Every structure is written in C-alpha cells, then in structure tokens.
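A.B. asks: Structure file input-v4.csv (CSV, C-alpha atoms) right here:
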```csv
chain,number,residue,atom,x,y,z
W,200,MET,CA,82.7,40.2,53.9
W,201,ARG,CA,83.3,42.0,50.6
W,202,LEU,CA,84.5,45.6,50.2
W,203,ARG,CA,81.2,46.7,48.9
W,204,ASP,CA,79.4,45.5,52.1
W,205,PHE,CA,81.6,47.7,54.3
W,206,PRO,CA,79.7,50.5,55.9
W,207,GLU,CA,80.0,53.8,54.1
W,208,GLU,CA,79.9,56.0,57.2
W,209,GLU,CA,83.3,57.7,57.9
W,210,LEU,CA,84.1,58.2,61.5
W,211,PHE,CA,87.6,59.3,60.7
W,212,LEU,CA,87.2,62.7,59.1
W,213,GLN,CA,89.2,64.2,56.2
W,214,GLY,CA,91.8,66.9,56.7
W,215,SER,CA,93.7,65.4,59.7
W,216,ALA,CA,97.3,66.2,60.5
W,217,ALA,CA,98.5,62.8,59.5
W,218,CYS,CA,101.5,62.5,57.1
W,219,HIS,CA,101.1,61.5,53.5
W,220,GLY,CA,100.3,57.8,53.3
W,221,CYS,CA,99.9,57.4,57.0
W,222,PRO,CA,99.2,53.7,57.9
W,223,GLY,CA,97.7,54.7,61.3
W,224,SER,CA,94.9,56.7,59.8
W,225,ALA,CA,94.3,54.0,57.1
W,226,ALA,CA,94.0,51.3,59.9
W,227,ILE,CA,91.8,53.5,62.1
W,228,ARG,CA,89.3,53.9,59.2
W,229,VAL,CA,88.9,50.1,58.8
W,230,ALA,CA,88.7,49.7,62.6
W,231,PHE,CA,86.0,52.4,63.0
W,232,LYS,CA,84.0,50.9,60.1
W,233,ALA,CA,84.0,47.5,61.8
W,234,LEU,CA,83.2,48.7,65.3
W,235,GLY,CA,80.6,51.3,64.5
W,236,ARG,CA,79.4,54.3,66.4
W,237,ASN,CA,78.8,52.8,69.8
W,238,THR,CA,82.5,52.8,70.7
W,239,VAL,CA,84.5,54.8,73.3
W,240,LEU,CA,88.1,55.4,72.3
W,241,ALA,CA,91.1,55.8,74.5
W,242,VAL,CA,94.1,57.1,72.5
W,243,ILE,CA,97.5,56.4,74.2
W,244,ALA,CA,100.3,58.8,73.4
W,245,SER,CA,101.4,57.9,69.9
W,246,CYS,CA,101.1,59.4,66.4
W,247,THR,CA,97.3,59.2,66.7
W,248,SER,CA,97.4,61.7,69.5
W,249,VAL,CA,99.1,64.1,67.0
W,250,PHE,CA,97.1,63.4,63.8
W,251,GLN,CA,93.8,63.7,65.6
W,252,SER,CA,94.6,67.4,65.3
W,253,PRO,CA,94.9,70.3,67.7
W,254,PHE,CA,92.3,71.7,70.0
W,255,PRO,CA,89.4,72.7,69.6
W,256,VAL,CA,88.7,70.3,66.7
W,257,SER,CA,89.4,66.5,66.2
W,258,ALA,CA,89.5,64.3,63.2
W,259,LEU,CA,88.2,61.3,65.2
W,260,GLY,CA,84.4,61.1,65.1
W,261,LEU,CA,84.1,59.0,68.3
W,262,PRO,CA,84.2,60.0,72.0
W,263,THR,CA,88.0,60.1,72.6
W,264,LEU,CA,90.1,60.1,75.8
W,265,ASN,CA,93.7,61.1,75.4
W,266,MET,CA,95.8,59.3,77.9
W,267,ALA,CA,99.5,59.1,79.0
W,268,PHE,CA,101.9,56.5,77.6
W,269,ALA,CA,101.7,53.8,80.3
W,270,THR,CA,98.0,53.8,81.0
W,271,GLY,CA,96.4,51.8,78.2
W,272,GLY,CA,95.1,48.9,80.3
W,273,ALA,CA,94.4,51.1,83.3
W,274,THR,CA,92.2,53.5,81.3
W,275,ALA,CA,90.3,50.7,79.7
W,276,SER,CA,89.7,49.1,83.1
W,277,GLY,CA,88.2,52.4,84.4
W,278,LEU,CA,86.1,53.0,81.3
W,279,SER,CA,84.8,49.4,81.2
W,280,ALA,CA,83.8,49.5,84.9
W,281,ALA,CA,82.1,52.9,84.4
W,282,ALA,CA,80.2,51.6,81.4
W,283,ASP,CA,79.1,48.5,83.3
W,284,ARG,CA,77.8,50.7,86.1
W,285,LEU,CA,75.9,53.0,83.7
W,286,VAL,CA,74.3,50.0,82.1
W,287,ALA,CA,73.3,48.6,85.5
W,288,LYS,CA,71.8,51.9,86.4
W,289,GLY,CA,69.9,52.0,83.2
W,290,VAL,CA,71.6,55.2,81.9
W,291,LEU,CA,73.0,53.3,78.9
W,292,GLU,CA,70.9,50.7,77.0
W,293,GLU,CA,73.9,48.9,75.6
W,294,LYS,CA,77.5,48.8,76.8
W,295,PRO,CA,79.8,50.6,74.3
W,296,THR,CA,82.8,48.9,72.9
W,297,ILE,CA,85.9,50.1,74.8
W,298,LEU,CA,88.7,50.5,72.3
W,299,VAL,CA,92.3,51.4,73.3
W,300,TRP,CA,94.4,52.6,70.4
W,301,ALA,CA,98.1,52.6,71.1
W,302,GLY,CA,101.3,52.5,69.1
W,303,ASP,CA,104.1,50.0,69.6
W,304,GLY,CA,106.0,52.2,72.0
W,305,GLY,CA,102.9,52.4,74.2
W,306,THR,CA,102.4,48.6,74.0
W,307,TYR,CA,105.8,46.9,73.7
W,308,ASP,CA,107.8,49.1,76.1
W,309,ILE,CA,106.0,51.6,78.2
W,310,GLY,CA,102.4,50.2,78.4
W,311,ILE,CA,102.9,46.5,78.7
W,312,GLN,CA,102.6,46.5,82.5
W,313,ALA,CA,99.1,48.0,82.5
W,314,LEU,CA,98.1,45.9,79.5
W,315,SER,CA,99.2,42.7,81.2
W,316,GLY,CA,97.3,43.7,84.4
W,317,ALA,CA,94.1,44.4,82.4
W,318,ALA,CA,94.5,41.2,80.4
W,319,GLU,CA,95.0,39.2,83.6
W,320,ARG,CA,91.8,40.6,85.0
W,321,ASN,CA,90.1,39.9,81.7
W,322,THR,CA,88.8,43.4,81.5
W,323,ASP,CA,86.2,43.8,78.7
W,324,PHE,CA,87.9,45.9,76.1
W,325,ILE,CA,89.7,45.8,72.7
W,326,TYR,CA,93.4,46.7,72.7
W,327,VAL,CA,94.8,47.7,69.4
W,328,CYS,CA,98.5,48.1,68.8
W,329,TYR,CA,99.3,49.7,65.5
W,330,ASN,CA,102.9,48.7,65.2
W,331,ASN,CA,105.2,50.9,63.1
W,332,GLU,CA,108.2,49.3,64.7
W,333,ALA,CA,109.7,52.5,66.1
W,334,TYR,CA,108.9,55.6,68.0
W,335,SER,CA,107.9,57.4,64.8
W,336,ASN,CA,106.1,60.2,66.6
W,337,THR,CA,109.3,61.5,68.1
W,338,GLY,CA,111.5,60.9,65.0
W,339,THR,CA,112.1,57.2,64.8
W,340,GLN,CA,113.8,55.9,67.9
W,341,ARG,CA,114.3,52.2,68.5
W,342,SER,CA,111.5,50.3,70.3
W,343,GLY,CA,111.0,46.8,71.4
W,344,ALA,CA,109.2,46.1,68.1
W,345,THR,CA,112.0,47.3,65.8
W,346,PRO,CA,113.2,44.3,63.8
W,347,TYR,CA,116.7,43.0,63.7
W,348,ALA,CA,119.1,45.0,61.5
W,349,ALA,CA,116.7,48.0,61.0
W,350,TRP,CA,118.0,51.5,61.1
W,351,THR,CA,116.6,54.0,63.6
W,352,THR,CA,118.1,57.2,64.9
W,353,ASN,CA,119.8,55.4,67.8
W,354,THR,CA,120.6,52.1,66.0
W,355,THR,CA,122.5,53.7,63.1
W,356,ARG,CA,124.2,50.5,62.0
W,357,GLY,CA,121.1,48.4,62.4
W,358,LYS,CA,119.5,47.0,65.5
W,359,GLU,CA,121.5,44.2,67.1
W,360,GLU,CA,118.6,42.5,68.9
W,361,TRP,CA,115.6,40.7,67.6
W,362,ARG,CA,112.1,42.1,68.2
W,363,LYS,CA,109.9,40.6,70.9
W,364,ASP,CA,106.5,39.2,70.0
W,365,VAL,CA,103.8,40.9,72.2
W,366,ALA,CA,101.0,39.1,70.3
W,367,GLN,CA,102.4,35.8,71.6
W,368,ILE,CA,102.8,37.3,75.1
W,369,MET,CA,99.1,38.2,74.9
W,370,VAL,CA,98.3,34.6,73.7
W,371,ALA,CA,100.2,33.4,76.8
W,372,HIS,CA,97.8,35.5,79.0
W,373,GLY,CA,95.0,33.2,77.9
W,374,ILE,CA,92.7,36.0,76.8
W,375,PRO,CA,89.7,35.2,74.6
W,376,TYR,CA,90.9,36.7,71.3
W,377,VAL,CA,94.3,37.6,69.9
W,378,ALA,CA,94.8,38.6,66.2
W,379,THR,CA,97.3,40.2,64.0
W,380,ALA,CA,96.3,42.2,60.9
W,381,SER,CA,97.8,43.9,57.9
W,382,LEU,CA,96.8,47.1,56.1
W,383,ALA,CA,97.1,45.3,52.7
W,384,TYR,CA,94.3,42.9,53.7
W,385,PRO,CA,91.4,45.1,54.7
W,386,THR,CA,88.7,42.5,54.5
W,387,ASP,CA,90.7,40.2,56.8
W,388,MET,CA,91.3,43.2,59.2
W,389,PHE,CA,87.6,44.1,59.1
W,390,ARG,CA,86.5,40.5,59.9
W,391,LYS,CA,88.9,40.3,62.8
W,392,PHE,CA,87.6,43.6,64.3
W,393,ALA,CA,84.0,42.4,63.7
W,394,ARG,CA,84.8,39.1,65.4
W,395,ALA,CA,86.5,40.9,68.3
W,396,LYS,CA,83.4,43.1,68.8
W,397,GLU,CA,81.3,40.0,69.4
W,398,ILE,CA,83.5,38.6,72.1
W,399,LYS,CA,83.5,39.6,75.8
W,400,GLY,CA,86.7,40.0,77.7
W,401,THR,CA,90.2,41.3,76.7
W,402,ARG,CA,90.8,41.2,73.0
W,403,TYR,CA,94.2,42.1,71.5
W,404,ILE,CA,94.7,43.1,67.8
W,405,GLU,CA,98.0,44.1,66.4
W,406,ILE,CA,98.3,45.8,63.0
W,407,GLN,CA,101.6,46.3,61.2
W,408,ALA,CA,101.8,49.9,60.1
W,409,PRO,CA,104.6,50.7,57.6
W,410,CYS,CA,105.5,54.3,58.3
W,411,PRO,CA,106.8,56.1,55.1
W,412,PRO,CA,109.1,58.7,56.9
W,413,GLY,CA,110.3,56.3,59.6
W,414,TRP,CA,111.0,53.3,57.3
W,415,LYS,CA,112.1,55.6,54.5
W,416,PHE,CA,110.0,54.6,51.4
W,417,PRO,CA,107.8,56.7,49.2
W,418,SER,CA,104.4,57.6,50.7
W,419,SER,CA,102.6,55.7,47.9
W,420,HIS,CA,104.2,52.4,48.9
W,421,THR,CA,102.5,52.0,52.3
W,422,VAL,CA,100.2,49.3,51.3
W,423,LYS,CA,102.8,47.7,49.0
W,424,VAL,CA,105.3,47.4,51.8
W,425,ALA,CA,102.6,46.0,54.1
W,426,ARG,CA,101.7,43.3,51.5
W,427,LEU,CA,105.4,42.5,51.0
W,428,ALA,CA,105.8,42.0,54.7
W,429,VAL,CA,103.1,39.3,54.7
W,430,GLN,CA,104.3,37.7,51.4
W,431,THR,CA,107.9,37.4,52.6
W,432,GLY,CA,106.9,36.2,56.1
W,433,MET,CA,108.2,39.2,58.0
W,434,TRP,CA,104.7,39.7,59.4
W,435,MET,CA,102.3,36.8,60.0
W,436,LEU,CA,98.5,37.0,60.0
W,437,TYR,CA,96.7,34.8,62.4
W,438,GLU,CA,94.0,34.8,65.0
W,439,HIS,CA,94.0,32.9,68.3
W,440,GLU,CA,90.8,31.8,69.8
W,441,ASN,CA,89.8,29.0,72.2
W,442,GLY,CA,93.4,27.8,72.5
W,443,ARG,CA,93.8,27.4,68.7
W,444,THR,CA,95.7,29.5,66.3
W,445,ALA,CA,94.3,29.8,62.8
W,446,TYR,CA,96.5,31.5,60.1
W,447,THR,CA,94.5,33.8,57.7
W,448,ALA,CA,94.7,35.5,54.4
W,449,GLY,CA,98.2,35.8,52.8
W,450,THR,CA,100.0,33.7,55.6
W,451,GLN,CA,97.4,30.9,55.3
W,452,ARG,CA,97.9,30.8,51.5
W,453,ILE,CA,101.7,30.4,52.0
W,454,ILE,CA,101.3,27.7,54.6
W,455,GLN,CA,98.8,25.7,52.5
W,456,GLY,CA,101.1,26.0,49.5
W,457,GLN,CA,98.8,28.1,47.3
W,458,SER,CA,101.4,30.9,47.0
W,459,LYS,CA,105.1,30.9,47.4
W,460,LEU,CA,107.1,32.5,50.2
W,461,LEU,CA,109.0,35.4,48.6
W,462,PRO,CA,112.6,36.0,49.5
W,463,VAL,CA,113.0,38.4,52.4
W,464,GLU,CA,115.3,40.6,50.3
W,465,GLU,CA,112.3,42.0,48.4
W,466,TYR,CA,110.9,43.4,51.6
W,467,LEU,CA,114.3,44.7,52.9
W,468,GLN,CA,115.1,46.4,49.6
W,469,ALA,CA,111.8,48.2,49.4
W,470,GLN,CA,112.8,50.3,52.5
W,471,GLY,CA,115.6,52.7,53.2
W,472,ARG,CA,115.9,51.6,56.8
W,473,PHE,CA,117.6,48.4,55.6
W,474,ARG,CA,119.8,50.1,53.0
W,475,HIS,CA,123.0,49.5,55.0
W,476,LEU,CA,122.4,45.7,54.3
W,477,PHE,CA,122.9,46.3,50.6
W,478,HIS,CA,125.1,49.4,50.3
W,479,PRO,CA,128.1,49.8,50.0
W,480,GLN,CA,128.2,46.0,49.9
W,481,ARG,CA,125.8,43.2,50.6
W,482,ASP,CA,125.7,42.0,54.2
W,483,GLU,CA,125.2,38.3,53.4
W,484,GLU,CA,125.4,37.3,57.1
W,485,ARG,CA,122.6,39.5,58.4
W,486,ILE,CA,120.3,39.0,55.4
W,487,GLY,CA,120.9,35.2,55.6
W,488,GLU,CA,120.2,35.2,59.3
W,489,ILE,CA,116.8,36.9,58.8
W,490,GLN,CA,115.9,34.6,56.0
W,491,ARG,CA,116.9,31.5,58.0
W,492,ARG,CA,114.7,32.5,60.9
W,493,ILE,CA,111.6,33.1,58.6
W,494,SER,CA,112.2,29.9,56.5
W,495,HIS,CA,112.5,27.8,59.7
W,496,VAL,CA,109.1,29.1,61.0
W,497,PHE,CA,107.4,28.5,57.7
W,498,GLU,CA,108.9,25.1,57.0
W,499,THR,CA,107.6,24.0,60.5
W,500,LEU,CA,104.2,25.4,59.8
W,501,GLN,CA,104.0,23.9,56.3
W,502,PHE,CA,105.1,20.5,57.7
W,503,THR,CA,102.4,20.6,60.5
W,504,HIS,CA,99.8,21.6,57.9
W,505,LYS,CA,100.7,18.6,55.8
W,506,MET,CA,100.6,16.3,58.8
W,507,LYS,CA,97.2,17.6,59.8
W,508,GLU,CA,95.8,16.8,56.4
W,509,HIS,CA,97.0,13.2,56.8
W,510,ILE,CA,95.5,12.7,60.3
W,511,MET,CA,92.3,14.7,59.6
W,512,ASP,CA,90.3,11.5,59.3
W,513,ILE,CA,91.1,10.3,62.9
W,514,GLU,CA,88.5,11.9,65.2
W,515,LEU,CA,89.7,12.3,68.8
W,516,ALA,CA,87.3,11.0,71.4
W,517,PRO,CA,86.0,13.7,73.7
W,518,PRO,CA,87.8,13.8,77.0
W,519,HIS,CA,85.5,12.4,79.7
K,814,MET,CA,86.6,78.1,65.8
K,815,PRO,CA,83.8,75.6,64.9
K,816,LYS,CA,80.2,77.0,65.0
K,817,ARG,CA,79.0,74.7,67.8
K,818,LYS,CA,81.9,75.7,70.0
K,819,LYS,CA,81.4,79.3,69.4
K,820,LYS,CA,77.7,79.1,70.2
K,821,GLU,CA,78.5,77.1,73.3
K,822,ALA,CA,80.9,79.8,74.4
K,823,GLU,CA,78.3,82.5,73.9
K,824,ASP,CA,75.6,80.6,75.7
K,825,ILE,CA,77.4,79.4,78.7
K,826,GLY,CA,80.2,81.9,78.9
K,827,PHE,CA,83.1,79.5,79.0
K,828,ILE,CA,84.8,77.1,76.6
K,829,THR,CA,85.2,73.5,77.6
K,830,THR,CA,88.4,71.6,77.0
K,831,LEU,CA,86.6,69.1,74.8
K,832,SER,CA,87.4,69.0,71.1
K,833,VAL,CA,84.7,68.7,68.5
K,834,PRO,CA,84.9,66.4,65.6
K,835,ALA,CA,85.2,68.4,62.4
K,836,VAL,CA,86.2,67.9,58.8
K,837,GLY,CA,89.4,69.7,57.9
K,838,SER,CA,90.8,69.9,61.4
K,839,VAL,CA,94.1,71.3,60.3
K,840,GLY,CA,92.7,73.2,57.3
K,841,MET,CA,92.6,72.4,53.6
K,842,THR,CA,95.1,69.7,53.5
K,843,GLY,CA,94.8,69.6,49.7
K,844,SER,CA,97.4,72.3,49.7
K,845,TRP,CA,100.0,69.8,50.8
K,846,ARG,CA,99.7,68.0,47.4
K,847,ILE,CA,102.4,67.9,44.8
K,848,PHE,CA,100.8,65.3,42.5
K,849,LEU,CA,97.1,65.1,41.9
K,850,PRO,CA,95.3,61.8,41.4
K,851,VAL,CA,93.0,61.7,38.4
K,852,ILE,CA,90.6,58.9,37.8
K,853,ASP,CA,89.9,57.5,34.3
K,854,GLY,CA,86.2,56.6,34.7
K,855,GLU,CA,86.2,54.2,31.7
K,856,ARG,CA,89.0,52.0,33.1
K,857,CYS,CA,87.6,51.9,36.6
K,858,ASN,CA,85.6,48.8,37.5
K,859,LYS,CA,84.6,50.1,41.0
K,860,CYS,CA,86.6,47.4,42.9
K,861,LEU,CA,86.7,49.9,45.8
K,862,LEU,CA,90.3,49.2,46.7
K,863,CYS,CA,91.3,52.9,46.4
K,864,TRP,CA,88.3,53.7,48.6
K,865,ILE,CA,89.4,51.5,51.5
K,866,TYR,CA,93.2,52.1,51.1
K,867,CYS,CA,93.0,55.9,51.1
K,868,PRO,CA,94.4,56.9,54.5
K,869,GLU,CA,92.6,60.2,54.4
K,870,ALA,CA,89.1,59.0,53.6
K,871,CYS,CA,89.2,61.3,50.5
K,872,ILE,CA,87.7,58.9,48.0
K,873,SER,CA,84.0,58.3,48.3
K,874,LYS,CA,82.3,55.0,47.8
K,875,ASP,CA,81.1,56.1,44.3
K,876,ILE,CA,84.8,56.8,43.5
K,877,ARG,CA,85.0,60.5,43.6
K,878,ILE,CA,88.0,62.2,45.0
K,879,ASP,CA,87.7,65.1,47.5
K,880,TYR,CA,90.5,67.4,46.2
K,881,ASP,CA,90.0,69.8,49.1
K,882,TYR,CA,91.6,67.4,51.5
K,883,CYS,CA,93.5,64.8,49.3
K,884,LYS,CA,97.2,65.1,50.3
K,885,GLY,CA,98.4,63.4,47.1
K,886,CYS,CA,100.1,60.4,48.8
K,887,GLY,CA,99.6,58.3,45.7
K,888,ILE,CA,98.5,55.1,47.4
K,889,CYS,CA,95.3,54.9,45.2
K,890,ALA,CA,97.3,55.2,42.0
K,891,GLU,CA,99.9,52.6,43.2
K,892,GLU,CA,97.2,50.1,44.3
K,893,CYS,CA,94.7,50.4,41.4
K,894,PRO,CA,94.7,47.0,39.8
K,895,ARG,CA,93.6,48.4,36.4
K,896,GLY,CA,95.9,51.5,36.4
K,897,ALA,CA,92.9,53.8,36.2
K,898,ILE,CA,94.4,56.5,38.5
K,899,ALA,CA,97.1,58.7,37.2
K,900,MET,CA,99.2,61.0,39.3
K,901,VAL,CA,99.5,64.4,37.5
K,902,LYS,CA,101.8,67.2,38.5
K,903,GLU,CA,99.8,69.9,40.3
K,904,GLU,CA,99.5,73.2,38.6
K,905,LYS,CA,101.1,76.0,40.6
K,906,ARG,CA,98.6,77.8,42.6
K,907,SER,CA,98.5,81.5,43.0
```
Please re-express this file's structure in structure tokens.
C.D. replies:
Amino acid sequence: MRLRDFPEEELFLQGSAACHGCPGSAAIRVAFKALGRNTVLAVIASCTSVFQSPFPVSALGLPTLNMAFATGGATASGLSAAADRLVAKGVLEEKPTILVWAGDGGTYDIGIQALSGAAERNTDFIYVCYNNEAYSNTGTQRSGATPYAAWTTNTTRGKEEWRKDVAQIMVAHGIPYVATASLAYPTDMFRKFARAKEIKGTRYIEIQAPCPPGWKFPSSHTVKVARLAVQTGMWMLYEHENGRTAYTAGTQRIIQGQSKLLPVEEYLQAQGRFRHLFHPQRDEERIGEIQRRISHVFETLQFTHKMKEHIMDIELAPPH
Amino acid sequence: MPKRKKKEAEDIGFITTLSVPAVGSVGMTGSWRIFLPVIDGERCNKCLLCWIYCPEACISKDIRIDYDYCKGCGICAEECPRGAIAMVKEEKRS
C-alpha cells in the first residue's frame, strides 16, 4: 500500500482541540482511513476525550461513545453483542467494526482487567492503545508504560522501574492478532489496521505516541522522535498472528542487517524528559543499563534471524 | 450552535446530548499559530508525507494547506524530504 492509494476521505475533522503536533490525532487519522466509515468508536477517558472537543460538536466523524477509564473491554463486549443482534434481526446489513480507542493509562493500569476479560472471551473488536507513556491528559503523571529513567511529575529523578509490555501480555492471551505501530511508519500502520479489520475476534494494536508537552520536545519533532524510537530499538514494530511474530518496517530492517541500530542516546537526548541523564553530568550507569537491555534483545533477534536463514532449507514434516 | 442542532431543537423542542461532527469544533485554530508553513510548489514532488503526517488534517491530498485551521506545529516542514516547506513568522494580526 502506497501513500497515494490511501483514501482521501477525512473522518477526523480539522479544528480540534488537540495540542500542536499531537500524536493522538495523527494516529487516529491513519486508523480511520484504514477502517473506513462502517466503524463504531468507543473512546476511553484519555486525551482523545478532550481533543474530540466540547459539546455540542465533535471532531470525530464516526459514531462515538465516551466511556469511563476502566471500561474498554466491557464497552466493546456490549457494542459487539448489540451489533451481532442487529445483524441477526436484519436491521444492519453488515456488522460494523467495533473500535476501542484508549490511552496507555486506560490500558496498562486502569483498563487491563476489562481488556483481559474481553480478550479471554475473544470478543469481536479492535482495541487500540495509543501509548504516550504517561498520563499526559492530566499533566504527565507516571503510568505503567513510562520507561525506565523518564521524568514525570511524580518521578522527578527518573522512574526507577521498567515499563511493562502489555502487547506481550495480549500475545499471551492467545488472541488472533496483536501488532505494534509507529507514527513514523504510516504505511506499516495502515496495513496493520487493514489486516486487523479482516480478522474476527479480539485484535490489539498499540501505537507509540510521542507527546510534545509531556516528553518535552518541540511540537515539530513528533514524527522524528517516533522514528528515532524505532531506529534505536526503544520501540519495536511487529505483528503477531497464528502463533508467529513477524517484525516489520524499521525493526525488521535492523534485524535483517539492512540498517544499523542507532545508539539509544540519540533518542534520549532528543527529549527533555531524559535531560537529567545528561545534565549536570552524564549518568553512565542508567544510560548504559538501557543500552544493554536493547542490545541484548536485538543481538538475540539478529542471531535467530541468521540461524533461520541457515535452516530454511529443511522443511518440517506436518504433525500427524 | 451547528445548524443541524439548531433545526433539531426547533423541530422537536429539545436538544439531545449527542454531539454532531463539525469542522472547527473549537473555532478557527489557525489563530494558535506562531509560524506559518509555506509550500514551494517547484520543489514539491508530491510524495504526500506532509499530508499523512499532519496531525490536524490541514493539508489536502493535492498539497494545499488549510490556513484557517493549521496550528503551525511544523511537522510538515520538519518531515519534508526535499525541504519544500518553510516556516515563516506569522504577521501580527489586528
């Protein structure tokens, strides 16, 4: 899919209340383009609830339900069951795509119980977490998605814990489709949404969303920071389907050796929330620790990739 | 109040709590701008990157900027691979 083949129709309307350079609205545009008009949207309390703008108007051109923080999976279960019933009755010709749009607070911390329940029941819906790695809506508090050593208003010397990986938790649920996406790779993101639309069952897509005011970088650098995250290995792009994980776009190129893994410093220095690692003096210990973790993951993946190339010729016999 | 809403209120006599999708839901956001993106049509090769990266959907697919709503974030100028978009300081408005 090339950019020129993307649909022109805009379902996210201009003049919303989003900040300058908001990654949430940029992601929502690509998602809406891929999913099309026959979609019902449930927005979980997040920045999106704010930038969709005050009553009586909305910047979202789809039927939208605004729901409380903890209710992502539960709302989707209800919507999905209602849509199934309407299709059975003949009121609707085609079942609409149920899309839940939540932030990382509503996914990692508050909403994971309902999401896990819905995923276990394999409810037919797409859950999108746009992950800005903090509660940016309320002024950047720490969340379960905040990375190690990052500044937030309640981790002023940098977070001491490592972030958890909800995408991998969703993989462990055994749902049909799990993917991660990045703003800097819109064709990759579009393809993942289009793929998710075709599948039935619970589908989980997580988008990294660099937030200019929360991460403290100029609003024009949103896409640049998103790209650096992939190039330095801080964010990995993959999709998991039928028990197999396939790495895509930038991450795939690094694993296959077509492009080099950039040092993580470039990503850290691009943002003000990691400033205490460099000023007043360099914190070698914490920078080194982050780099070690990333290098370990990528060395393992590069090694497995090379091994796979060697044993590609051997066809495994089907299990029967 | 949007037209449809107003008409609905007159017809039925009450206003629902449903919001209606509308362009410019918080007004003319172009007034938030400090720097104005200007496209150099000769350098542009229509790669459409600015169109898809614009968070505000203010660049059309034939690469025209909607200055009524462009907030001037500067992503288009930063991401343009040919440097065809310049950020120019906005003239002070009366």
A.B. asks: Quick one: residues within 10 Å of Leu460 (chain W), only C-alpha atoms, excluding same-chain residues fewer than 5 positions away - as a list of chain:residue names?
C.D. replies: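 Contacts, in chain order: W:Val429, W:Gln430, W:Thr431, W:Gly432, W:Gly449, W:Thr450, W:Arg452, W:Ile453, W:Ile454, W:Ile493, W:Ser494, W:Phe497.
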A.B. asks: Report as CSV the residues of chain W within 9 Å of chain K, each with its shortest atom pair and distance in Å (one decimal), using all atoms listed in the file, ordered by chain and increasing residue number.
C.D. replies:
```
residue,atom,partner,partner_atom,distance
W:Leu202,CA,K:Leu861,CA,6.5
W:Arg203,CA,K:Leu861,CA,7.1
W:Glu207,CA,K:Lys874,CA,6.8
W:Glu209,CA,K:Ala870,CA,7.3
W:Phe211,CA,K:Ala870,CA,7.3
W:Leu212,CA,K:Val836,CA,5.3
W:Gln213,CA,K:Val836,CA,5.4
W:Gly214,CA,K:Gly837,CA,3.9
W:Ser215,CA,K:Ser838,CA,5.6
W:Ala216,CA,K:Val839,CA,6.0
W:Ala217,CA,K:Glu869,CA,8.2
W:Cys218,CA,K:Lys884,CA,8.5
W:His219,CA,K:Cys886,CA,4.9
W:Gly220,CA,K:Cys886,CA,5.2
W:Cys221,CA,K:Pro868,CA,6.1
W:Pro222,CA,K:Pro868,CA,6.7
W:Gly223,CA,K:Pro868,CA,7.9
W:Ser224,CA,K:Pro868,CA,5.3
W:Ala225,CA,K:Pro868,CA,3.9
W:Ala226,CA,K:Pro868,CA,7.8
W:Ile227,CA,K:Pro868,CA,8.7
W:Arg228,CA,K:Pro868,CA,7.6
W:Val229,CA,K:Ile865,CA,7.4
W:Gln251,CA,K:Ser838,CA,8.1
W:Ser252,CA,K:Ser838,CA,6.0
W:Pro253,CA,K:Val839,CA,7.5
W:Phe254,CA,K:Ser832,CA,5.7
W:Pro255,CA,K:Ser832,CA,4.5
W:Val256,CA,K:Val833,CA,4.7
W:Ser257,CA,K:Pro834,CA,4.5
W:Ala258,CA,K:Pro834,CA,5.6
W:Leu259,CA,K:Pro834,CA,6.1
W:Gly260,CA,K:Pro834,CA,5.3
W:Leu261,CA,K:Pro834,CA,7.9
W:Leu382,CA,K:Tyr866,CA,7.9
W:Ala383,CA,K:Tyr866,CA,8.0
W:Pro385,CA,K:Ile865,CA,7.4
W:Pro417,CA,K:Cys886,CA,8.6
W:Ser418,CA,K:Cys886,CA,5.5
W:Ser419,CA,K:Ile888,CA,4.2
W:His420,CA,K:Ile888,CA,6.5
W:Thr421,CA,K:Ile888,CA,7.0
W:Val422,CA,K:Ile888,CA,7.2
W:Lys423,CA,K:Glu892,CA,7.7
```
A.B. asks: I need the residue nearest Ile876 (chain K) from this list: K:Ala899, K:Lys820, K:Cys857, K:Ile847. Use only C-alpha atoms for the distance.
C.D. replies: K:Cys857
A.B. asks: Could you give me, as a ChimeraX atom specification, the residues within 12 Å of Asn858 (chain K), counting only C-alpha atoms and dropping anything in the same chain fewer than 5 positions from it?
C.D. replies: /K:852-853,863,875-876,893-898
A.B. asks: Determine the nearest neighbour of Glu359 (chain W) from the options W:Lys507, W:His439, W:His478, W:Arg341, counting all atoms listed in the file.
C.D. replies: W:Arg341
A.B. asks: Please compute the CA of Lys415 (chain W)-CA of Leu461 (chain W) distance, one decimal, in Å.
C.D. replies: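 Distance between the two atoms: 21.3 Å.
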A.B. asks: Mind pulling up the distance from CA of Gly235 (chain W) to CA of Met435 (chain W)?
C.D. replies: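 Separation between CA of Met435 (chain W) and CA of Gly235 (chain W): 26.5 Å.
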A.B. asks: Just to confirm, what's the straight-line distance from CA of Arg320 (chain W) to CA of Val365 (chain W) in Å (one decimal)?
C.D. replies: 17.5 Å
A.B. asks: Select, from W:Asn330, W:Thr444, W:Thr322, W:Gln367, the residue with the minimum atom-to-atom distance to Thr274 (chain W), counting all atoms listed in the file.
C.D. replies: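 Residue with the minimum atom-to-atom distance to Thr274 (chain W): W:Thr322.
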A.B. asks: Starting from the incomplete input, reconstruct N, CA, C and O atoms of region 865-873 of chain K and write that as a tab-separated table (two decimals), in the frame of the given file.
C.D. replies:
```
chain	number	residue	atom	x	y	z
K	865	ILE	N	89.09	51.97	50.15
K	865	ILE	CA	89.40	51.50	51.50
K	865	ILE	C	90.90	51.74	51.82
K	865	ILE	O	91.25	51.91	52.98
K	866	TYR	N	91.78	51.82	50.81
K	866	TYR	CA	93.20	52.10	51.10
K	866	TYR	C	93.50	53.53	51.38
K	866	TYR	O	94.52	53.84	51.98
K	867	CYS	N	92.66	54.46	50.93
K	867	CYS	CA	93.00	55.90	51.10
K	867	CYS	C	93.08	56.21	52.59
K	867	CYS	O	92.13	56.05	53.35
K	868	PRO	N	94.25	56.67	53.05
K	868	PRO	CA	94.40	56.90	54.50
K	868	PRO	C	93.67	58.15	54.96
K	868	PRO	O	93.50	58.36	56.15
K	869	GLU	N	93.22	58.95	54.03
K	869	GLU	CA	92.60	60.20	54.40
K	869	GLU	C	91.12	60.25	54.21
K	869	GLU	O	90.48	61.29	54.40
K	870	ALA	N	90.54	59.12	53.83
K	870	ALA	CA	89.10	59.00	53.60
K	870	ALA	C	88.64	60.02	52.53
K	870	ALA	O	87.55	60.57	52.64
K	871	CYS	N	89.47	60.27	51.53
K	871	CYS	CA	89.20	61.30	50.50
K	871	CYS	C	88.49	60.76	49.28
K	871	CYS	O	88.11	61.52	48.41
K	872	ILE	N	88.38	59.42	49.16
K	872	ILE	CA	87.70	58.90	48.00
K	872	ILE	C	86.37	58.31	48.49
K	872	ILE	O	86.33	57.54	49.43
K	873	SER	N	85.28	58.77	47.85
K	873	SER	CA	84.00	58.30	48.30
K	873	SER	C	83.66	56.95	47.71
K	873	SER	O	84.37	56.49	46.83
```
